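Student: Just one file: work07.txt, with compact mmCIF, C-alpha atoms and all ligand atoms.
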```
# COMPACT_ATOMS: atom_id res chain seq x y z
CA MET D 1 82.71 77.76 139.54
CA ARG D 2 85.34 78.04 142.21
CA VAL D 3 87.86 76.37 139.94
CA LEU D 4 87.09 78.86 137.22
CA GLY D 5 87.38 81.69 139.72
CA SER D 6 90.78 80.66 140.93
CA LEU D 7 91.85 80.06 137.36
CA ILE D 8 90.91 83.61 136.45
CA LEU D 9 92.65 84.85 139.56
CA ALA D 10 95.75 82.90 138.65
CA VAL D 11 95.74 84.34 135.16
CA LEU D 12 95.33 87.82 136.57
CA VAL D 13 98.16 87.35 139.03
CA LEU D 14 100.35 85.92 136.31
CA SER D 15 99.70 88.78 133.96
CA VAL D 16 100.40 91.30 136.71
CA VAL D 17 103.65 89.50 137.46
CA ALA D 18 104.50 89.44 133.77
CA GLN D 19 103.76 93.13 133.45
CA GLU D 20 105.87 93.92 136.45
CA ASP D 21 108.64 91.86 134.98
CA GLU D 22 108.62 94.06 131.92
CA LYS D 23 108.18 97.20 133.91
CA ASP D 24 111.27 96.47 135.94
CA CYS D 25 113.51 96.60 132.94
CA PRO D 26 114.49 100.03 131.72
CA VAL D 27 113.58 100.86 128.13
CA CYS D 28 116.18 100.38 125.45
CA MET D 29 117.40 103.90 124.81
CA THR D 30 118.91 103.36 121.39
CA ASN D 31 116.16 101.12 120.04
CA GLN D 32 112.53 101.74 120.84
CA PHE D 33 111.50 98.48 119.17
CA ALA D 34 113.66 96.25 121.35
CA LYS D 35 111.96 94.44 124.24
CA CYS D 36 113.89 94.07 127.45
CA MET D 37 113.07 91.21 129.77
CA GLY D 38 114.24 88.58 132.19
CA SER D 39 116.06 89.09 135.45
CA ASN D 40 119.06 90.42 133.55
CA CYS D 41 116.93 92.72 131.44
CA ILE D 42 118.43 91.51 128.21
CA CYS D 43 117.01 93.41 125.24
CA PHE D 44 115.92 91.64 122.08
CA LEU D 45 114.92 92.83 118.65
CA GLN D 46 112.47 90.64 116.78
CA VAL D 47 113.37 90.59 113.07
CA SER D 48 111.14 87.76 111.89
CA ALA D 49 108.70 85.28 113.38
CA ASP D 50 111.49 82.98 114.48
CA GLU D 51 114.51 85.23 114.68
CA SER D 52 115.52 87.81 117.24
CA HIS D 53 118.83 89.37 118.22
CA THR D 54 120.11 90.77 121.47
CA VAL D 55 120.87 94.43 121.14
CA ASN D 56 123.16 96.72 123.08
CA CYS D 57 121.12 99.68 124.26
CA THR D 58 124.07 102.02 124.54
CA THR D 59 124.97 101.70 120.86
CA LEU D 60 122.91 101.98 117.69
CA THR D 61 121.44 98.75 116.35
CA ARG D 62 122.74 97.90 112.91
CA LYS D 63 120.77 99.06 109.93
CA CYS D 64 120.13 95.62 108.47
CA TRP D 65 118.42 94.46 111.65
CA MET D 66 116.43 97.68 111.96
CA MET D 67 115.17 97.34 108.40
CA LYS D 68 114.30 93.71 108.96
CA ASN D 69 112.46 94.59 112.15
CA GLU D 70 110.52 97.31 110.33
CA MET D 71 109.43 94.85 107.66
CA TYR D 72 108.45 92.38 110.36
CA ARG D 73 106.33 95.01 112.08
CA LEU D 74 104.77 96.13 108.81
CA LYS D 75 103.84 92.61 107.79
CA ASN D 76 102.35 91.83 111.18
CA ASN D 77 100.80 95.20 111.89
CA ILE D 78 102.79 95.51 115.08
CA GLY D 79 102.83 98.84 116.80
CA THR D 80 100.90 101.83 115.64
CA ARG D 81 102.97 103.91 113.35
CA ARG D 82 103.23 107.23 115.05
CA LYS D 83 101.93 109.95 112.85
CA PRO D 84 105.02 111.50 111.41
CA THR D 85 105.61 115.21 111.14
CA GLU D 86 103.37 117.01 108.75
CA HIS D 87 105.87 117.00 105.89
CA ALA D 88 106.60 113.29 106.08
CA MET D 89 104.50 112.32 103.12
CA LEU D 90 106.80 110.19 101.06
CA ASP D 91 108.78 107.16 101.80
CA ASN D 92 111.25 106.65 99.02
CA ASP D 93 113.84 104.75 100.91
CA GLY D 94 113.07 101.48 99.13
CA ILE D 95 112.47 99.43 102.24
CA TYR D 96 112.86 95.72 101.72
CA ASP D 97 113.15 92.72 103.97
CA PRO D 98 116.92 92.27 104.07
CA ASP D 99 119.01 89.20 104.69
CA CYS D 100 121.45 90.03 107.44
CA GLN D 101 124.67 88.25 108.31
CA ALA D 102 125.39 87.04 111.83
CA ASP D 103 127.05 90.33 112.81
CA GLY D 104 124.16 92.45 111.57
CA SER D 105 125.79 93.45 108.30
CA PHE D 106 123.98 93.10 105.00
CA HIS D 107 124.24 89.99 102.93
CA PRO D 108 125.64 91.06 99.53
CA LYS D 109 122.70 89.46 97.72
CA GLN D 110 119.17 90.54 98.57
CA CYS D 111 115.90 89.14 97.28
CA ASN D 112 113.26 90.70 99.53
CA GLY D 113 111.66 87.32 100.03
CA THR D 114 111.00 86.99 96.29
CA SER D 115 112.86 85.49 93.35
CA THR D 116 113.97 88.91 92.15
CA CYS D 117 117.44 89.56 93.49
CA TRP D 118 120.05 92.27 93.41
CA CYS D 119 123.38 93.13 95.03
CA VAL D 120 123.79 95.74 97.73
CA ASN D 121 126.69 97.66 99.23
CA SER D 122 127.61 97.59 102.90
CA ALA D 123 124.92 100.22 103.52
CA GLY D 124 122.28 97.87 102.10
CA VAL D 125 121.69 100.04 99.05
CA ARG D 126 121.15 98.38 95.69
CA ARG D 127 124.17 98.71 93.41
CA THR D 128 123.27 96.45 90.50
CA ASP D 129 120.31 95.83 88.24
CA LYS D 130 117.70 93.46 89.51
CA GLY D 131 117.94 89.92 88.26
CA ASP D 132 116.58 86.51 89.05
CA ASP D 133 117.61 84.00 91.70
CA SER D 134 120.84 83.24 89.90
CA LYS D 135 122.21 86.77 90.36
CA GLN D 136 125.82 86.58 91.56
CA CYS D 137 127.04 88.91 94.29
CA PRO D 138 130.51 87.66 95.11
CA GLU D 139 131.37 90.26 97.75
CA LEU D 140 129.90 92.94 99.94
CA VAL D 141 131.26 96.12 98.38
CA LYS D 142 132.15 98.70 101.00
CA THR D 143 130.55 102.10 101.10
CA PHE D 144 133.46 104.23 102.21
CA TRP D 145 131.94 107.68 101.83
CA LEU D 146 128.57 109.07 102.78
CA GLN D 147 127.46 112.51 101.83
CA ILE D 148 124.55 113.71 103.86
CA GLN D 149 122.61 116.73 102.72
CA LEU D 150 120.36 118.33 105.24
CA ARG D 151 118.08 121.16 104.35
CA HIS D 152 117.13 123.33 107.24
CA GLN D 153 113.91 125.26 107.54
CA SER D 154 114.07 128.90 106.73
CA VAL D 155 114.93 131.12 109.66
CA GLU D 156 114.81 134.84 110.09
CA GLN D 157 118.13 135.31 111.75
CA GLU D 158 121.45 135.46 109.98
CA MET D 159 123.15 132.06 110.14
CA ASP D 160 126.62 132.03 111.55
CA GLU D 161 128.41 129.43 109.47
CA ASN D 162 130.95 128.43 112.10
CA LYS D 163 128.36 128.05 114.80
CA LEU D 164 126.25 126.00 112.41
CA LYS D 165 129.14 123.67 111.66
CA GLU D 166 129.77 123.25 115.36
CA ALA D 167 126.12 122.42 115.97
CA ILE D 168 126.15 119.88 113.14
CA THR D 169 129.25 118.17 114.52
CA LYS D 170 127.48 117.95 117.88
CA THR D 171 124.37 116.59 116.21
CA PHE D 172 126.35 113.82 114.56
CA ALA D 173 127.96 112.99 117.88
CA ALA D 174 124.46 112.19 119.14
CA TYR D 175 124.37 109.52 116.41
CA GLN D 176 127.64 108.21 117.78
CA VAL D 177 129.64 109.57 114.87
CA ASP D 178 133.16 110.35 116.03
CA PRO D 179 134.11 113.84 114.75
CA ALA D 180 137.13 112.29 113.02
CA TYR D 181 134.72 110.73 110.49
CA ILE D 182 133.60 114.17 109.37
CA GLU D 183 135.77 115.18 106.48
CA LYS D 184 134.06 118.45 105.81
CA ILE D 185 130.87 120.38 106.31
CA GLU D 186 129.75 122.77 103.62
CA TYR D 187 126.97 125.25 103.87
CA LEU D 188 125.03 126.58 100.91
CA LYS D 189 123.33 129.54 102.44
CA GLU D 190 120.95 130.44 99.66
CA ASP D 191 119.61 126.88 99.30
CA ARG D 192 119.72 126.18 103.05
CA TYR D 193 121.68 123.00 102.39
CA ILE D 194 124.22 121.62 104.79
CA MET D 195 126.44 118.97 103.22
CA VAL D 196 128.33 116.67 105.49
CA ASP D 197 131.00 114.35 104.15
CA LEU D 198 131.67 111.28 106.25
CA LYS D 199 134.47 108.88 105.40
CA GLN D 200 134.20 105.39 106.84
CA ASN D 201 137.96 104.84 106.57
CA ALA D 202 138.94 108.15 108.14
CA THR D 203 142.06 108.12 110.25
CA GLY D 204 142.15 109.09 113.91
CA VAL D 205 138.75 107.67 114.79
CA LYS D 206 138.60 106.85 118.49
CA SER D 207 135.25 105.12 118.70
CA PRO D 208 134.54 103.29 115.45
CA SER D 209 130.96 103.18 114.26
CA ASP D 210 128.98 102.05 111.27
CA LEU D 211 128.20 105.25 109.40
CA ALA D 212 125.40 103.68 107.36
CA THR D 213 123.63 102.83 110.59
CA ALA D 214 124.15 106.34 111.98
CA ALA D 215 122.79 107.82 108.75
CA TYR D 216 119.80 105.52 108.94
CA TYR D 217 118.96 106.67 112.46
CA LEU D 218 119.31 110.28 111.38
CA GLU D 219 117.18 109.75 108.31
CA LYS D 220 114.44 108.22 110.44
CA ASP D 221 114.55 111.14 112.85
CA VAL D 222 114.20 113.67 110.05
CA LYS D 223 111.24 111.67 108.78
CA GLY D 224 109.63 111.81 112.21
CA SER D 225 109.78 108.09 112.91
CA SER D 226 112.69 107.84 115.28
CA LEU D 227 114.33 104.56 116.12
CA PHE D 228 115.45 105.90 119.48
CA SER D 229 113.35 105.42 122.57
CA SER D 230 111.18 108.42 123.35
CA ALA D 231 113.11 108.64 126.63
CA TYR D 232 116.31 109.24 124.69
CA ASN D 233 117.47 112.76 124.23
CA ARG D 234 116.83 112.82 120.53
CA SER D 235 118.77 115.37 118.67
CA ILE D 236 116.97 116.11 115.45
CA LEU D 237 113.50 114.76 115.83
CA ASP D 238 110.52 116.98 115.14
CA ASP D 239 111.69 120.33 116.33
CA GLY D 240 115.27 120.27 115.22
CA ILE D 241 118.58 120.96 116.86
CA LEU D 242 119.46 123.67 119.29
CA PHE D 243 121.28 126.36 117.42
CA ASP D 244 122.26 129.80 118.56
CA GLY D 245 119.45 129.95 121.08
CA VAL D 246 116.74 128.75 118.71
CA LYS D 247 115.52 125.41 117.43
CA LEU D 248 116.65 124.76 113.90
CA GLY D 249 114.41 122.27 112.13
CA PHE D 250 115.19 120.16 109.09
CA GLU D 251 112.88 119.47 106.23
CA GLN D 252 114.92 117.03 104.18
CA ALA D 253 117.72 114.58 104.51
CA TYR D 254 119.37 113.01 101.54
CA VAL D 255 122.03 110.40 101.93
CA TYR D 256 124.41 109.73 99.05
CA TYR D 257 126.43 106.55 99.20
CA ILE D 258 129.75 106.21 97.42
CA ASP D 259 131.17 102.73 97.15
CA GLU D 260 134.73 101.55 96.73
CA LYS D 261 133.73 100.06 93.40
CA ASN D 262 131.48 101.58 90.77
CA PRO D 263 127.97 100.23 90.84
CA GLU D 264 126.96 97.96 88.01
CA PHE D 265 123.86 99.44 86.51
CA SER D 266 123.40 98.88 82.83
CA MET D 267 123.19 102.53 81.97
CA LYS D 268 124.27 103.96 78.68
CA ARG D 269 125.73 107.10 80.13
CA LEU D 270 127.68 105.46 82.89
CA THR D 271 131.23 105.69 81.65
CA PRO D 272 134.16 104.21 83.50
CA GLY D 273 135.85 106.45 85.98
CA ILE D 274 132.75 108.29 87.01
CA ILE D 275 132.06 108.04 90.69
CA ALA D 276 128.59 106.75 91.19
CA VAL D 277 126.46 108.25 93.84
CA ILE D 278 123.39 106.50 94.98
CA VAL D 279 120.65 108.66 96.37
CA VAL D 280 118.39 106.95 98.74
CA VAL D 281 116.51 109.20 101.02
CA CYS D 282 114.10 111.84 100.13
CA LEU D 283 111.88 113.49 102.56
CA ALA D 284 110.50 116.06 100.28
CA ILE D 285 107.14 117.50 99.67
CA VAL D 286 107.98 117.74 96.02
CA ALA D 287 110.58 115.02 95.97
CA GLY D 288 110.62 114.62 92.22
CA LEU D 289 111.40 118.23 91.55
CA ILE D 290 114.10 118.46 94.12
CA VAL D 291 115.80 115.29 93.02
CA LEU D 292 115.79 116.62 89.51
CA PHE D 293 117.17 119.91 90.67
CA ILE D 294 119.99 118.31 92.59
CA THR D 295 120.74 115.91 89.79
CA ARG D 296 121.08 118.65 87.27
CA ARG D 297 123.20 120.83 89.45
CA LYS D 298 125.48 118.07 90.59
CA ALA D 299 125.86 116.60 87.17
CA ALA D 300 126.87 119.94 85.80
CA LYS D 301 129.23 120.60 88.63
CA SER D 302 131.31 117.53 89.02
CA HIS D 303 130.16 114.77 86.70
CA ILE D 304 128.96 112.82 89.66
CA TYR D 305 126.40 110.35 88.56
CA GLN D 306 123.39 109.88 90.75
CA LYS D 307 120.87 107.22 91.16
CA ALA D 308 117.70 107.14 93.16
CA GLU D 309 116.52 104.09 94.92
CA GLY D 310 113.07 102.56 94.97
CA ARG D 311 110.16 103.88 93.08
CA GLU D 312 112.08 106.80 91.75
CA LEU D 313 114.63 104.73 89.96
CA ASP D 314 112.87 104.47 86.63
CA GLU D 315 112.07 108.14 86.64
CA MET D 316 115.67 108.97 87.33
CA GLN D 317 116.92 106.71 84.62
CA LYS D 318 114.67 108.47 82.18
CA GLN D 319 115.91 111.82 83.33
CA GLN D 320 119.49 110.73 83.03
CA LEU D 321 118.93 109.51 79.53
CA THR D 322 117.12 112.57 78.36
CA THR D 323 119.17 115.32 79.95
C1 LIG D 401 127.58 97.78 124.81
O1 LIG D 401 128.51 98.55 124.07
C2 LIG D 401 129.41 99.28 124.89
C3 LIG D 401 130.21 100.18 123.98
O2 LIG D 401 130.72 99.48 122.88
C4 LIG D 401 130.27 98.31 125.69
O3 LIG D 401 131.15 99.02 126.52
C5 LIG D 401 129.34 97.45 126.54
O4 LIG D 401 130.10 96.46 127.22
C6 LIG D 401 128.29 96.76 125.68
N1 LIG D 401 127.32 96.13 126.55
C7 LIG D 401 126.92 94.88 126.36
C8 LIG D 401 125.89 94.37 127.31
O5 LIG D 401 127.38 94.16 125.48
C1 LIG D 402 109.87 94.27 99.16
O1 LIG D 402 108.64 93.59 99.33
C2 LIG D 402 107.60 94.35 99.90
C3 LIG D 402 106.38 93.47 100.06
O2 LIG D 402 106.70 92.34 100.81
C4 LIG D 402 107.29 95.56 99.03
O3 LIG D 402 106.31 96.36 99.64
C5 LIG D 402 108.55 96.37 98.82
O4 LIG D 402 108.31 97.42 97.93
C6 LIG D 402 109.68 95.48 98.27
N1 LIG D 402 110.88 96.29 98.19
C7 LIG D 402 111.72 96.25 97.14
C8 LIG D 402 112.88 97.17 97.22
O5 LIG D 402 111.56 95.51 96.19
C1 LIG D 403 139.57 105.35 101.89
O1 LIG D 403 139.15 104.50 100.84
C2 LIG D 403 139.20 105.08 99.56
C3 LIG D 403 138.59 104.13 98.56
O2 LIG D 403 139.04 102.83 98.76
C4 LIG D 403 140.63 105.47 99.22
O3 LIG D 403 140.65 106.12 97.97
C5 LIG D 403 141.14 106.42 100.29
O4 LIG D 403 142.51 106.71 100.04
C6 LIG D 403 141.02 105.80 101.67
N1 LIG D 403 141.40 106.77 102.68
C7 LIG D 403 142.12 106.44 103.77
C8 LIG D 403 142.42 107.56 104.70
O5 LIG D 403 142.52 105.32 103.97
```
For this file, produce the structure as structure tokens.
Tutor:
Amino acid sequence: MRVLGSLILAVLVLSVVAQEDEKDCPVCMTNQFAKCMGSNCICFLQVSADESHTVNCTTLTRKCWMMKNEMYRLKNNIGTRRKPTEHAMLDNDGIYDPDCQADGSFHPKQCNGTSTCWCVNSAGVRRTDKGDDSKQCPELVKTFWLQIQLRHQSVEQEMDENKLKEAITKTFAAYQVDPAYIEKIEYLKEDRYIMVDLKQNATGVKSPSDLATAAYYLEKDVKGSSLFSSAYNRSILDDGILFDGVKLGFEQAYVYYIDEKNPEFSMKRLTPGIIAVIVVVCLAIVAGLIVLFITRRKAAKSHIYQKAEGRELDEMQKQQLTT
């Protein structure tokens, strides 16, 4: 009995010590899923049962590792998924369990743990048809241009375009995007769309960052499932950005990825010379309609070809072929 008692006591003491050990380490500001421990408070991100990576909590953790960690958590039911904002109903971002390279970049060939494989760009977005195991992806094609479309909630006041652009630049800085990456910001007042063009190979960048990762963090914030620690001063999450004395909320974020080489989808209407744009994110209550709307408008405007990722792909292909 006494042995059992001291055993229980020992376990209790140990667990208290263990808890204190964790408590002593500050949370990882830029990655709420990283665990910090040890006397040096090194922070780790678990990406599979037997693989974890140290992360730097002052910089964003690369997209490939974040996706892999999300799949790991999903498969193992780790962490309660915080109820997202009321409009976060759809998840069309085509999450898969990626293969990451040692530096956290995407492996050019992805199979999602199955024997169906495809090639991705440096942002981890599919850029070829799906094939079997033998699919060849000789190189990781660079995504050099990201176009981010944010749709803000309707507001009563008149929007000052210059102030809005300033606020957006500031918002991107919170995602560690050097202003030099921002090529232009356009505002379509009547549609409430803000279009931000980011060029990965922009000149004059002082602190280089991976734009695909920044866009991924932003996308998650708009969807109400932030990757930042709750202690971090999040910039977009839930209630939006500070603008002209009010909070300006966002209801959608679309990210378009433009690669250095055309994607290789076997599509009848894809003629050489057309820049392919791959649409990945939709946080939309009526996603289908809006994607269609944008597709039509864009196609008419500039012959930019668009492609949606994930479940929407087939739908989009149909639309492309019939319009
Ligand atoms: C984290 O990144 C910052 C900025 O790149 C760098 O100055 C710092 O040394 C890094 N910290 C660690 C622990 O690697
Ligand atoms: C990857 O596999 C998971 C199941 O393990 C599935 O839910 C998901 O849709 C797959 N993603 C893609 C892009 O095939
Ligand atoms: C960036 O890359 C694109 C595509 O490779 C190229 O057309 C463009 O000239 C480059 N811009 C700069 C500033 O290097």
Student: With the cut-off set at 8 Å and counting only C-alpha atoms and all ligand atoms, tabulate each residue of chain D with an atom at most that distance from an atom of ligand LIG 402 (chain D), showing the nearest atom pair and its distance in Å to one decimal, ordered by chain and increasing number, as a Markdown table.
Tutor:
```
| residue | atom | partner | partner_atom | distance |
| --- | --- | --- | --- | --- |
| D:Met71 | CA | D:LIG402 | O2 | 7.8 |
| D:Lys75 | CA | D:LIG402 | O2 | 7.5 |
| D:Gly94 | CA | D:LIG402 | C8 | 4.7 |
| D:Ile95 | CA | D:LIG402 | N1 | 5.4 |
| D:Tyr96 | CA | D:LIG402 | N1 | 4.1 |
| D:Asp97 | CA | D:LIG402 | C1 | 6.0 |
| D:Cys111 | CA | D:LIG402 | O5 | 7.8 |
| D:Asn112 | CA | D:LIG402 | C1 | 4.9 |
| D:Gly113 | CA | D:LIG402 | O1 | 7.0 |
| D:Thr114 | CA | D:LIG402 | O1 | 7.6 |
| D:Gly310 | CA | D:LIG402 | C8 | 5.8 |
```
Student: Box time for ligand LIG 403 (chain D): axis-aligned, enclosing all its listed atoms, 5 Å extra on each side; report centre and edge lengths in Å to one decimal, as JSON.
Tutor:
```
{"center_x": 140.6, "center_y": 105.2, "center_z": 101.3, "size_x": 13.9, "size_y": 14.7, "size_z": 16.7}
```
Student: Sort by chain and increasing residue number a table of all residues of chain D within 10 Å of ligand LIG 403 (chain D), each with its closest pair of atoms and their distance in Å to one decimal, counting only C-alpha atoms and all ligand atoms, and write it as JSON lines.
Tutor:
```
{"residue": "D:Lys142", "atom": "CA", "partner": "D:LIG403", "partner_atom": "O2", "distance": 8.3}
{"residue": "D:Thr143", "atom": "CA", "partner": "D:LIG403", "partner_atom": "C3", "distance": 8.7}
{"residue": "D:Phe144", "atom": "CA", "partner": "D:LIG403", "partner_atom": "O1", "distance": 5.9}
{"residue": "D:Trp145", "atom": "CA", "partner": "D:LIG403", "partner_atom": "O1", "distance": 7.9}
{"residue": "D:Lys199", "atom": "CA", "partner": "D:LIG403", "partner_atom": "C1", "distance": 7.1}
{"residue": "D:Gln200", "atom": "CA", "partner": "D:LIG403", "partner_atom": "C1", "distance": 7.3}
{"residue": "D:Asn201", "atom": "CA", "partner": "D:LIG403", "partner_atom": "C1", "distance": 5.0}
{"residue": "D:Ala202", "atom": "CA", "partner": "D:LIG403", "partner_atom": "C8", "distance": 4.9}
{"residue": "D:Thr203", "atom": "CA", "partner": "D:LIG403", "partner_atom": "C8", "distance": 5.6}
{"residue": "D:Gly204", "atom": "CA", "partner": "D:LIG403", "partner_atom": "C8", "distance": 9.3}
{"residue": "D:Ile258", "atom": "CA", "partner": "D:LIG403", "partner_atom": "C3", "distance": 9.2}
{"residue": "D:Asp259", "atom": "CA", "partner": "D:LIG403", "partner_atom": "C3", "distance": 7.7}
{"residue": "D:Glu260", "atom": "CA", "partner": "D:LIG403", "partner_atom": "O2", "distance": 4.9}
{"residue": "D:Lys261", "atom": "CA", "partner": "D:LIG403", "partner_atom": "O2", "distance": 8.0}
```
Student: My list of candidates is D:Lys165, D:Arg126, D:Lys206, D:Lys247. Which is closest to ligand LIG 401 (chain D) when distances are computed with all atoms listed in the file?
Tutor: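 So, comparing all the options, the nearest one is D:Lys206.
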Student: My list of candidates is D:Tyr216, D:Arg151, D:Glu190, D:Pro208. Which is closest to D:Gly240 when distances are computed with all atoms listed in the file?
Tutor: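 Of D:Tyr216, D:Arg151, D:Glu190, D:Pro208, the one nearest D:Gly240 is D:Arg151, counting all atoms listed in the file.
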Student: Grab me every residue within 8 Å of ligand LIG 401 (chain D), counting only C-alpha atoms and all ligand atoms, and send it over as a list in words.
Tutor: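 Those within range of ligand LIG 401 (chain D) are Val55, Asn56, Cys57, Thr58 and Thr59 of chain D.
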Student: Can you spit out the residues from that selection as a compact mmCIF listing (two decimals), in the frame of the given file, using C-alpha atoms?
Tutor:
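Generated file (result_26.txt):
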```
# COMPACT_ATOMS: atom_id res chain seq x y z
CA VAL D 55 120.87 94.43 121.14
CA ASN D 56 123.16 96.72 123.08
CA CYS D 57 121.12 99.68 124.26
CA THR D 58 124.07 102.02 124.54
CA THR D 59 124.97 101.70 120.86
```
Student: Report as a list of chain:residue names all protein, DNA and RNA residues lying within 10 Å of D:Ser52, evaluated on only C-alpha atoms, omitting residues in the same chain fewer than 3 positions from it.
Tutor: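 Near D:Ser52, the qualifying residues are D:Ala34, D:Cys43, D:Phe44, D:Leu45, D:Gln46, D:Val47, D:Ser48, D:Ala49, D:Val55, D:Trp65, D:Asn69.
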Student: Deliver the residues from the most recent selection as a file, using C-alpha atoms, as a PDB file, in the coordinates of the input.
Tutor:
```
ATOM      1  CA  ALA D  34     113.660  96.250 121.350  1.00  0.00           C
ATOM      2  CA  CYS D  43     117.010  93.410 125.240  1.00  0.00           C
ATOM      3  CA  PHE D  44     115.920  91.640 122.080  1.00  0.00           C
ATOM      4  CA  LEU D  45     114.920  92.830 118.650  1.00  0.00           C
ATOM      5  CA  GLN D  46     112.470  90.640 116.780  1.00  0.00           C
ATOM      6  CA  VAL D  47     113.370  90.590 113.070  1.00  0.00           C
ATOM      7  CA  SER D  48     111.140  87.760 111.890  1.00  0.00           C
ATOM      8  CA  ALA D  49     108.700  85.280 113.380  1.00  0.00           C
ATOM      9  CA  VAL D  55     120.870  94.430 121.140  1.00  0.00           C
ATOM     10  CA  TRP D  65     118.420  94.460 111.650  1.00  0.00           C
ATOM     11  CA  ASN D  69     112.460  94.590 112.150  1.00  0.00           C
TER      12      ASN D  69
END
```
Student: Write out as a VMD selection string which residues come within 9 Å of stretch 172-189 of chain D when counting only C-alpha atoms, dropping same-chain ones fewer than 4 positions away.
Tutor: chain D and resid 59 to 60 159 161 164 to 165 167 to 168 193 to 211 213 to 215 217 to 218 233 to 235
Student: Determine the nearest neighbour of D:Gly104 from the options D:Thr61, D:Asn76, D:Gln147, D:Ser154, counting only C-alpha atoms.
Tutor: D:Thr61
Student: Which one of D:Pro138, D:Pro108, D:Pro26, D:Gly249 sits closest to D:Ala123 if you count only C-alpha atoms?
Tutor: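 Smallest separation from D:Ala123 among the options: D:Pro108.
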Student: Rounded to one decimal in Å, what is the spacing between atom CA of D:Lys223 and atom CA of D:Glu51?
Tutor: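 We find that atom CA of D:Lys223 and atom CA of D:Glu51 lie 27.3 Å from each other.
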Student: Taking into account all atoms listed in the file, which residue in the set D:Ile148, D:Leu74, D:Cys137, D:Met66 is nearest to D:Trp118?
Tutor: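 The answer is D:Cys137, which sits nearest to D:Trp118.
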Student: Go ahead and compute the interatomic distance for atom CA of D:Val141 and atom CA of D:His107, in Å to one decimal.
Tutor: 10.4 Å
Student: Mind pulling up the distance from atom CA of D:Leu248 to atom CA of D:Thr169?
Tutor: 14.2 Å
Student: Select, from D:Asn162, D:Asp50, D:Phe33, D:Ala212, the residue with the minimum atom-to-atom distance to D:Arg73, counting only C-alpha atoms.
Tutor: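 Comparing D:Asn162, D:Asp50, D:Phe33, D:Ala212 against D:Arg73, the winner is D:Phe33.
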